[in-house]
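Shown below: query-v4.csv, with CSV, C-alpha atoms.
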chain,number,residue,atom,x,y,z
A,1,MET,CA,65.1,143.6,104.7
A,2,LEU,CA,67.1,144.0,107.9
A,3,GLN,CA,69.5,147.0,108.0
A,4,PRO,CA,72.8,146.8,110.0
A,5,GLU,CA,71.9,149.7,112.3
A,6,GLN,CA,68.4,148.4,112.9
A,7,VAL,CA,67.5,146.6,116.2
A,8,PRO,CA,65.2,143.8,115.1
A,9,THR,CA,62.5,142.1,117.2
A,10,GLU,CA,63.1,138.5,117.9
A,11,GLU,CA,60.4,137.4,115.4
A,12,ILE,CA,62.0,139.5,112.6
A,13,LEU,CA,65.5,138.3,113.5
A,14,LEU,CA,64.4,134.6,113.5
A,15,ALA,CA,62.6,135.0,110.1
A,16,GLN,CA,65.7,136.7,108.6
A,17,LEU,CA,68.0,134.1,110.1
A,18,ARG,CA,65.9,131.3,108.6
A,19,GLU,CA,66.2,133.1,105.2
A,20,GLY,CA,70.0,133.2,105.6
A,21,ASN,CA,70.3,137.0,105.8
A,22,ILE,CA,73.9,137.9,106.5
A,23,VAL,CA,73.0,141.1,108.4
A,24,ALA,CA,70.8,139.1,110.8
A,25,LYS,CA,73.7,136.7,111.3
A,26,GLN,CA,76.1,139.6,112.0
A,27,TRP,CA,73.5,141.1,114.4
A,28,LEU,CA,73.1,137.8,116.3
A,29,TYR,CA,76.9,137.4,116.5
A,30,ASP,CA,77.5,141.0,117.8
A,31,ARG,CA,74.7,140.7,120.3
A,32,TYR,CA,75.5,137.2,121.8
A,33,ALA,CA,79.1,136.3,121.0
A,34,ALA,CA,80.5,137.8,124.2
A,35,PRO,CA,78.2,135.9,126.7
A,36,LEU,CA,78.6,132.7,124.6
A,37,TYR,CA,82.4,133.1,124.6
A,38,GLY,CA,82.4,133.7,128.3
A,39,HIS,CA,80.3,130.6,128.9
A,40,LEU,CA,82.6,128.5,126.6
A,41,ILE,CA,85.6,129.7,128.5
A,42,GLN,CA,83.9,128.5,131.7
A,43,LEU,CA,83.1,125.1,130.1
A,44,THR,CA,86.5,124.4,128.6
A,45,GLY,CA,88.8,126.4,130.9
A,46,ALA,CA,91.0,127.3,127.9
A,47,LYS,CA,90.6,130.2,125.5
A,48,PRO,CA,92.1,128.6,122.4
A,49,ILE,CA,89.5,125.8,122.7
A,50,ALA,CA,86.8,128.3,123.3
A,51,ASP,CA,87.8,130.1,120.2
A,52,ASP,CA,87.2,127.1,118.0
A,53,LEU,CA,84.0,126.2,119.8
A,54,LEU,CA,82.6,129.7,119.4
A,55,VAL,CA,82.9,129.4,115.6
A,56,ILE,CA,81.4,125.9,115.6
A,57,THR,CA,78.6,127.0,117.9
A,58,PHE,CA,77.6,129.8,115.6
A,59,GLU,CA,77.8,127.4,112.6
A,60,ARG,CA,75.4,125.1,114.4
A,61,ILE,CA,73.1,128.0,115.4
A,62,PHE,CA,72.8,129.3,111.9
A,63,LYS,CA,72.3,125.8,110.6
A,64,ASN,CA,69.7,124.7,113.2
A,65,ILE,CA,67.9,128.0,113.8
A,66,HIS,CA,64.7,126.5,112.5
A,67,GLU,CA,64.7,124.2,115.5
A,68,TYR,CA,64.2,127.0,117.9
A,69,GLU,CA,60.6,127.5,118.6
A,70,GLN,CA,59.3,130.3,120.7
A,71,SER,CA,56.3,128.2,121.6
A,72,ARG,CA,58.5,126.0,123.8
A,73,GLY,CA,58.8,128.8,126.3
A,74,ILE,CA,62.6,129.0,126.4
A,75,SER,CA,64.1,132.4,125.3
A,76,LEU,CA,66.5,132.7,122.4
A,77,PHE,CA,69.4,133.7,124.7
A,78,SER,CA,68.9,130.5,126.8
A,79,TRP,CA,68.7,128.4,123.6
A,80,LEU,CA,71.9,129.9,122.3
A,81,ILE,CA,73.6,129.1,125.7
A,82,LYS,CA,72.2,125.6,125.4
A,83,MET,CA,73.7,125.2,121.9
A,84,ALA,CA,77.1,126.4,123.2
A,85,ARG,CA,77.0,123.9,126.0
A,86,GLU,CA,76.0,121.1,123.7
A,87,THR,CA,78.8,122.0,121.2
A,88,ALA,CA,81.4,122.0,124.0
A,89,ILE,CA,80.2,118.6,125.2
A,90,LYS,CA,80.0,117.0,121.8
A,91,THR,CA,83.3,118.4,120.6
A,92,PRO,CA,86.1,116.1,121.8
A,93,SER,CA,88.8,118.1,123.7
A,94,ASP,CA,91.7,117.1,125.9
A,95,ALA,CA,91.2,120.1,128.2
A,96,GLY,CA,88.0,119.3,130.0
A,97,LEU,CA,86.9,121.4,133.0
A,98,THR,CA,87.6,119.8,136.4
A,99,GLY,CA,86.4,120.6,139.9
A,100,ASN,CA,89.6,122.6,140.6
A,101,ASP,CA,89.1,124.8,137.6
A,102,ILE,CA,85.6,125.6,138.7
A,103,THR,CA,86.7,126.4,142.3
A,104,HIS,CA,89.5,128.7,141.1
A,105,SER,CA,87.4,130.3,138.3
A,106,ARG,CA,86.7,134.0,138.7
A,107,SER,CA,83.3,133.5,137.1
A,108,GLY,CA,80.4,135.0,139.0
A,109,ALA,CA,78.1,132.3,137.9
A,110,LEU,CA,80.3,129.6,139.3
A,111,HIS,CA,80.9,131.1,142.8
A,112,PHE,CA,77.8,129.5,144.0
A,113,MET,CA,79.6,126.1,143.7
A,114,ASN,CA,81.9,127.0,146.5
A,115,ALA,CA,79.0,126.7,148.9
A,116,LEU,CA,78.1,123.2,147.7
A,117,SER,CA,79.2,120.0,149.3
A,118,GLU,CA,81.9,118.0,147.5
A,119,GLN,CA,79.5,115.3,146.3
A,120,CYS,CA,77.0,117.9,145.1
A,121,LYS,CA,79.7,119.8,143.2
A,122,ARG,CA,80.9,116.6,141.5
A,123,VAL,CA,77.3,115.7,140.4
A,124,PHE,CA,76.8,119.2,139.0
A,125,VAL,CA,80.1,119.1,137.1
A,126,LEU,CA,79.4,115.7,135.6
A,127,CYS,CA,75.8,116.6,134.6
A,128,TYR,CA,76.3,120.2,133.4
A,129,TYR,CA,79.9,120.5,132.3
A,130,LYS,CA,80.5,117.0,131.0
A,131,GLY,CA,77.0,116.4,129.7
A,132,PHE,CA,76.5,113.0,131.5
A,133,SER,CA,73.0,111.7,132.0
A,134,ARG,CA,71.9,111.1,135.6
A,135,ILE,CA,72.3,107.3,135.2
A,136,GLU,CA,75.9,107.8,133.8
A,137,THR,CA,76.7,110.1,136.7
A,138,ALA,CA,75.3,107.6,139.2
A,139,LYS,CA,77.5,104.9,137.7
A,140,GLN,CA,80.6,107.2,137.6
A,141,LEU,CA,80.2,108.3,141.3
A,142,ASP,CA,78.9,104.9,142.5
A,143,MET,CA,75.6,106.4,143.7
A,144,THR,CA,71.9,105.6,143.2
A,145,ASP,CA,69.9,107.6,140.7
A,146,GLU,CA,67.9,109.0,143.5
A,147,GLN,CA,71.0,110.4,145.2
A,148,VAL,CA,72.1,112.0,142.0
A,149,LEU,CA,68.7,113.6,141.5
A,150,ASN,CA,68.8,114.9,145.1
A,151,TYR,CA,72.3,116.4,144.7
A,152,LEU,CA,71.3,117.9,141.4
A,153,LYS,CA,68.2,119.5,143.0
A,154,GLU,CA,70.4,120.8,145.8
A,155,ALA,CA,72.8,122.4,143.3
A,156,LEU,CA,70.1,123.9,141.3
A,157,THR,CA,68.4,125.3,144.4
A,158,ALA,CA,71.8,126.8,145.4
A,159,LEU,CA,72.1,128.3,141.9
A,160,ARG,CA,68.6,129.7,142.2
A,161,ARG,CA,69.4,131.3,145.6
A,162,PHE,CA,72.7,132.7,144.3
A,163,SER,CA,71.4,134.1,141.1
A,164,ARG,CA,68.5,135.9,142.8
A,165,ARG,CA,70.8,137.4,145.4
A,166,SER,CA,73.3,138.8,142.8
B,1,MET,CA,62.6,122.0,138.2
B,2,VAL,CA,62.4,125.0,135.9
B,3,GLU,CA,66.2,125.6,136.3
B,4,SER,CA,67.1,122.2,134.9
B,5,TYR,CA,64.7,122.8,131.9
B,6,VAL,CA,66.5,126.1,131.2
B,7,LEU,CA,70.0,124.7,131.6
B,8,GLY,CA,69.2,121.6,129.5
B,9,LEU,CA,69.6,119.2,132.4
B,10,ALA,CA,66.0,117.8,132.2
B,11,THR,CA,65.4,114.3,130.8
B,12,PRO,CA,63.3,114.1,127.6
B,13,GLU,CA,60.3,113.0,129.7
B,14,GLU,CA,60.7,116.0,132.1
B,15,ARG,CA,61.1,118.3,129.0
B,16,GLU,CA,57.9,117.0,127.4
B,17,GLU,CA,56.1,117.4,130.7
B,18,MET,CA,57.3,121.0,131.1
B,19,GLU,CA,56.3,121.8,127.5
B,20,ARG,CA,52.9,120.3,128.1
B,21,LEU,CA,52.3,122.2,131.4
B,22,LEU,CA,53.7,125.6,130.3
B,23,PRO,CA,50.7,126.6,128.1
B,24,GLN,CA,48.3,125.5,130.8
B,25,TYR,CA,49.8,127.3,133.8
B,26,PRO,CA,50.5,131.0,133.5
B,27,GLU,CA,52.3,131.0,136.9
B,28,LEU,CA,54.8,128.4,135.5
B,29,GLN,CA,55.4,130.7,132.6
B,30,THR,CA,56.1,133.6,135.0
B,31,GLU,CA,58.4,131.4,137.0
B,32,LEU,CA,60.2,130.4,133.8
B,33,LEU,CA,60.6,134.0,132.9
B,34,ILE,CA,62.0,134.9,136.3
B,35,VAL,CA,64.5,132.0,136.2
B,36,GLU,CA,65.6,132.9,132.7
B,37,ASN,CA,66.0,136.5,133.6
B,38,THR,CA,68.3,135.7,136.5
B,39,PHE,CA,70.4,133.3,134.4
B,40,HIS,CA,70.6,135.9,131.6
B,41,LYS,CA,72.0,138.4,134.2
B,42,LEU,CA,74.6,135.8,135.2
B,43,TRP,CA,75.6,134.9,131.7
B,44,LEU,CA,75.9,138.6,130.8
B,45,GLU,CA,78.1,139.2,133.9
B,46,ASP,CA,80.4,136.4,132.7
B,47,ALA,CA,80.4,137.8,129.1
B,48,TYR,CA,83.9,138.0,127.6
B,49,PRO,CA,84.6,139.8,124.3
B,50,PRO,CA,85.9,137.3,121.8
B,51,PRO,CA,89.0,138.1,119.6
B,52,ILE,CA,88.0,140.2,116.6
B,53,GLU,CA,89.3,137.6,114.1
B,54,LEU,CA,86.7,135.1,115.5
B,55,ARG,CA,84.0,137.4,114.0
B,56,GLN,CA,85.6,137.1,110.6
B,57,ARG,CA,86.1,133.4,111.0
B,58,THR,CA,82.5,132.9,111.9
B,59,LEU,CA,80.8,135.2,109.4
B,60,ARG,CA,83.2,135.0,106.4
B,61,PRO,CA,81.7,131.9,104.9
B,62,TYR,CA,78.3,133.5,105.0
B,63,ASP,CA,79.6,136.7,103.5
B,64,TRP,CA,80.7,134.7,100.5
B,65,ALA,CA,77.4,132.8,100.3
B,66,ASP,CA,75.2,135.9,100.6
B,67,THR,CA,72.2,135.0,98.5
B,68,ASN,CA,71.0,138.6,98.4
B,69,ALA,CA,74.0,139.7,96.4
B,70,GLY,CA,72.0,139.7,93.1
B,71,PRO,CA,72.6,137.7,90.0
B,72,GLU,CA,75.9,135.9,89.8
B,73,LYS,CA,78.5,137.9,87.8
B,74,LYS,CA,80.7,136.0,85.4
B,75,PRO,CA,84.4,136.5,86.5
B,76,ASN,CA,86.8,138.0,84.1
B,77,TYR,CA,89.4,135.4,84.9
B,78,THR,CA,89.7,131.6,84.8
B,79,PHE,CA,90.2,129.9,88.1
B,80,ILE,CA,92.4,126.8,87.9
B,81,ASN,CA,92.8,124.9,91.1
B,82,ILE,CA,96.2,123.4,91.1
B,83,ALA,CA,96.3,122.4,94.8
B,84,PRO,CA,96.6,118.6,95.1
B,85,ASN,CA,93.5,117.0,96.5
B,86,GLN,CA,94.4,115.7,100.0
B,87,SER,CA,91.2,113.7,100.4
B,88,ASP,CA,91.0,109.9,99.9
B,89,PHE,CA,87.7,110.3,98.0
B,90,ILE,CA,86.9,111.6,94.6
B,91,THR,CA,83.6,113.2,93.5
B,92,VAL,CA,82.3,112.6,90.0
B,93,HIS,CA,79.2,113.7,88.1
B,94,LYS,CA,76.0,111.8,88.6
B,95,VAL,CA,76.0,110.7,85.0
B,96,TRP,CA,78.9,108.4,85.7
B,97,LYS,CA,76.6,106.2,87.7
B,98,TRP,CA,74.7,105.3,84.5
B,99,ILE,CA,77.9,105.1,82.4
B,100,PHE,CA,79.3,102.7,84.9
B,101,LEU,CA,76.0,100.7,85.0
B,102,ALA,CA,75.9,100.5,81.1
B,103,ALA,CA,79.6,99.5,81.0
B,104,PHE,CA,79.0,96.8,83.6
B,105,LEU,CA,76.0,95.4,81.7
B,106,LEU,CA,77.9,95.5,78.4
B,107,PHE,CA,80.7,93.6,80.1
B,108,LYS,CA,78.2,91.0,81.3
B,109,LEU,CA,76.7,90.7,77.8
B,110,CYS,CA,80.2,90.3,76.2
B,111,LEU,CA,81.1,87.7,78.8
B,112,PHE,CA,77.9,85.8,78.1
B,113,LEU,CA,78.4,86.0,74.3
B,114,ALA,CA,82.0,84.9,74.7
B,115,PHE,CA,80.9,81.8,76.6
B,116,PHE,CA,78.0,81.1,74.2
B,117,PHE,CA,80.1,81.3,71.1
B,118,TYR,CA,82.9,79.3,72.7
B,119,PHE,CA,80.6,76.4,73.6
B,120,LYS,CA,79.0,76.7,70.1
B,121,TYR,CA,82.4,76.4,68.6
B,122,ARG,CA,83.3,73.5,70.8
B,123,GLN,CA,80.1,71.8,69.8
B,124,ALA,CA,80.8,72.3,66.1
B,125,GLU,CA,84.3,71.1,66.6
B,126,ASP,CA,83.1,67.9,68.4
B,127,ARG,CA,80.5,67.3,65.7
B,128,GLN,CA,83.2,67.7,63.0
B,129,GLN,CA,85.4,65.3,64.8
B,130,ASP,CA,82.6,62.7,65.2
B,131,ARG,CA,81.8,63.1,61.5
B,132,GLU,CA,85.5,62.7,60.7
B,133,LYS,CA,85.7,59.5,62.8
B,134,VAL,CA,82.6,58.0,61.2
B,135,ARG,CA,84.0,58.8,57.8
B,136,GLN,CA,87.3,57.2,58.7
B,137,GLU,CA,85.6,54.0,60.0
B,138,TYR,CA,83.4,53.9,56.9
B,139,GLN,CA,86.5,54.2,54.7
B,140,ASN,CA,88.3,51.5,56.7
B,141,GLN,CA,85.4,49.1,56.3
B,142,ASN,CA,85.2,49.7,52.6
B,143,ILE,CA,88.9,49.2,51.8
B,144,PRO,CA,89.1,46.3,49.4
B,145,ARG,CA,91.3,43.5,50.7

For the structure just supplied, provide its representation as structure tokens.
Amino acid sequence: MLQPEQVPTEEILLAQLREGNIVAKQWLYDRYAAPLYGHLIQLTGAKPIADDLLVITFERIFKNIHEYEQSRGISLFSWLIKMARETAIKTPSDAGLTGNDITHSRSGALHFMNALSEQCKRVFVLCYYKGFSRIETAKQLDMTDEQVLNYLKEALTALRRFSRRS
Amino acid sequence: MVESYVLGLATPEEREEMERLLPQYPELQTELLIVENTFHKLWLEDAYPPPIELRQRTLRPYDWADTNAGPEKKPNYTFINIAPNQSDFITVHKVWKWIFLAAFLLFKLCLFLAFFFYFKYRQAEDRQQDREKVRQEYQNQNIPR
């Protein structure tokens, strides 16, 4: 049984979460709520929306924790961020993030976008922040799938360079 | 690209491909680890503490539903919910399905019996009238002039 002051290994934490242990849920929240909240603020650009989304995100995480499998290679933290992004995309909201919000954002992770070309930035915003598929993005921006893929690669390369530098 | 896999931008085919290749190539696993670590650093840099009430909002339903709390204790009060139900739907016990089915079948049976006995009665009435007519004709023929 997990104790509140105990730092569990990922295996123990996952096992306890699957059993619905409240201490494991508290531990997960205390450990990851701040980065998830920061990410949701970036995605929505509005704290009140991020508030609701954080609650919904954790509800989804607790409900679907069995879907997370370590064998797939992705870490728990990355999976949680992915869940937060999916929740933000799936939940309808009037205040969507626009290119301007990103440019003026103080977020360290988004500064890399300032170095991107306008088209590249628009492709990344639609794909990552709006959750559009590449085909949908191509239709939206009147591009070919190949162009979208190339712009996305360019953005991800810039993100890789930026993240390794910081 | 490993980045698109981590960020969830990969198509289902690319994801499957990555999941197939990962166990085969340790260098790909190392690359994934490096990319993840750099992203983790960025996400932690952007961390923002959520309002304290969000913790209560998120965890309160689970506090109530804690299954490790031991056997359920009988409350020493009676809870009567007097709040009007705002929903357009009602929920009823499963047994009502069978009650409804039985009532429906009973209704069908009654309807059938009603028709059956009605036509039986009509038939008897018609026969009675026919007999009456024959009797009248017979009487008319036998009236002495």

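Here atom CA of A:Gln26 is placed at a distance of 14.8 Å from atom CA of A:Leu80.
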
Within 8 Å of chain A: residues of chain B, using only C-alpha atoms, as an mmCIF file with C-alpha atoms, in the coordinates of the input:
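And here is the file that came out, part16.cif:
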data_model
loop_
_atom_site.group_PDB
_atom_site.id
_atom_site.type_symbol
_atom_site.label_atom_id
_atom_site.label_comp_id
_atom_site.auth_asym_id
_atom_site.auth_seq_id
_atom_site.Cartn_x
_atom_site.Cartn_y
_atom_site.Cartn_z
ATOM 1 C CA MET B 1 62.600 122.000 138.200
ATOM 2 C CA GLU B 3 66.200 125.600 136.300
ATOM 3 C CA SER B 4 67.100 122.200 134.900
ATOM 4 C CA VAL B 6 66.500 126.100 131.200
ATOM 5 C CA LEU B 7 70.000 124.700 131.600
ATOM 6 C CA GLY B 8 69.200 121.600 129.500
ATOM 7 C CA LEU B 9 69.600 119.200 132.400
ATOM 8 C CA GLU B 19 56.300 121.800 127.500
ATOM 9 C CA LEU B 22 53.700 125.600 130.300
ATOM 10 C CA GLN B 29 55.400 130.700 132.600
ATOM 11 C CA LEU B 32 60.200 130.400 133.800
ATOM 12 C CA VAL B 35 64.500 132.000 136.200
ATOM 13 C CA GLU B 36 65.600 132.900 132.700
ATOM 14 C CA THR B 38 68.300 135.700 136.500
ATOM 15 C CA PHE B 39 70.400 133.300 134.400
ATOM 16 C CA HIS B 40 70.600 135.900 131.600
ATOM 17 C CA LEU B 42 74.600 135.800 135.200
ATOM 18 C CA TRP B 43 75.600 134.900 131.700
ATOM 19 C CA LEU B 44 75.900 138.600 130.800
ATOM 20 C CA GLU B 45 78.100 139.200 133.900
ATOM 21 C CA ASP B 46 80.400 136.400 132.700
ATOM 22 C CA ALA B 47 80.400 137.800 129.100
ATOM 23 C CA TYR B 48 83.900 138.000 127.600
ATOM 24 C CA PRO B 49 84.600 139.800 124.300
ATOM 25 C CA PRO B 50 85.900 137.300 121.800
ATOM 26 C CA LEU B 54 86.700 135.100 115.500
ATOM 27 C CA ARG B 55 84.000 137.400 114.000
ATOM 28 C CA ARG B 57 86.100 133.400 111.000
ATOM 29 C CA THR B 58 82.500 132.900 111.900
ATOM 30 C CA LEU B 59 80.800 135.200 109.400
ATOM 31 C CA TYR B 62 78.300 133.500 105.000
ATOM 32 C CA ASP B 63 79.600 136.700 103.500
ATOM 33 C CA ASP B 66 75.200 135.900 100.600
ATOM 34 C CA THR B 67 72.200 135.000 98.500
ATOM 35 C CA ASN B 68 71.000 138.600 98.400
#

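Proximity of B:Val2, B:Lys41, B:Glu31, B:Phe104 to B:Glu17, computed with all atoms listed in the file, is greatest for B:Val2.
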
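Take atom CA of B:Ile80 and atom CA of B:Trp98: the distance between them is 28.1 Å.
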
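Across the model, the gap from atom CA of A:Ala115 to atom CA of A:Ala46 is 24.2 Å.
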
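If all atoms listed in the file are the atoms counted, then among A:His111, A:Ala158, A:Arg60, A:Val123 the closest residue to A:Leu141 is A:Val123.
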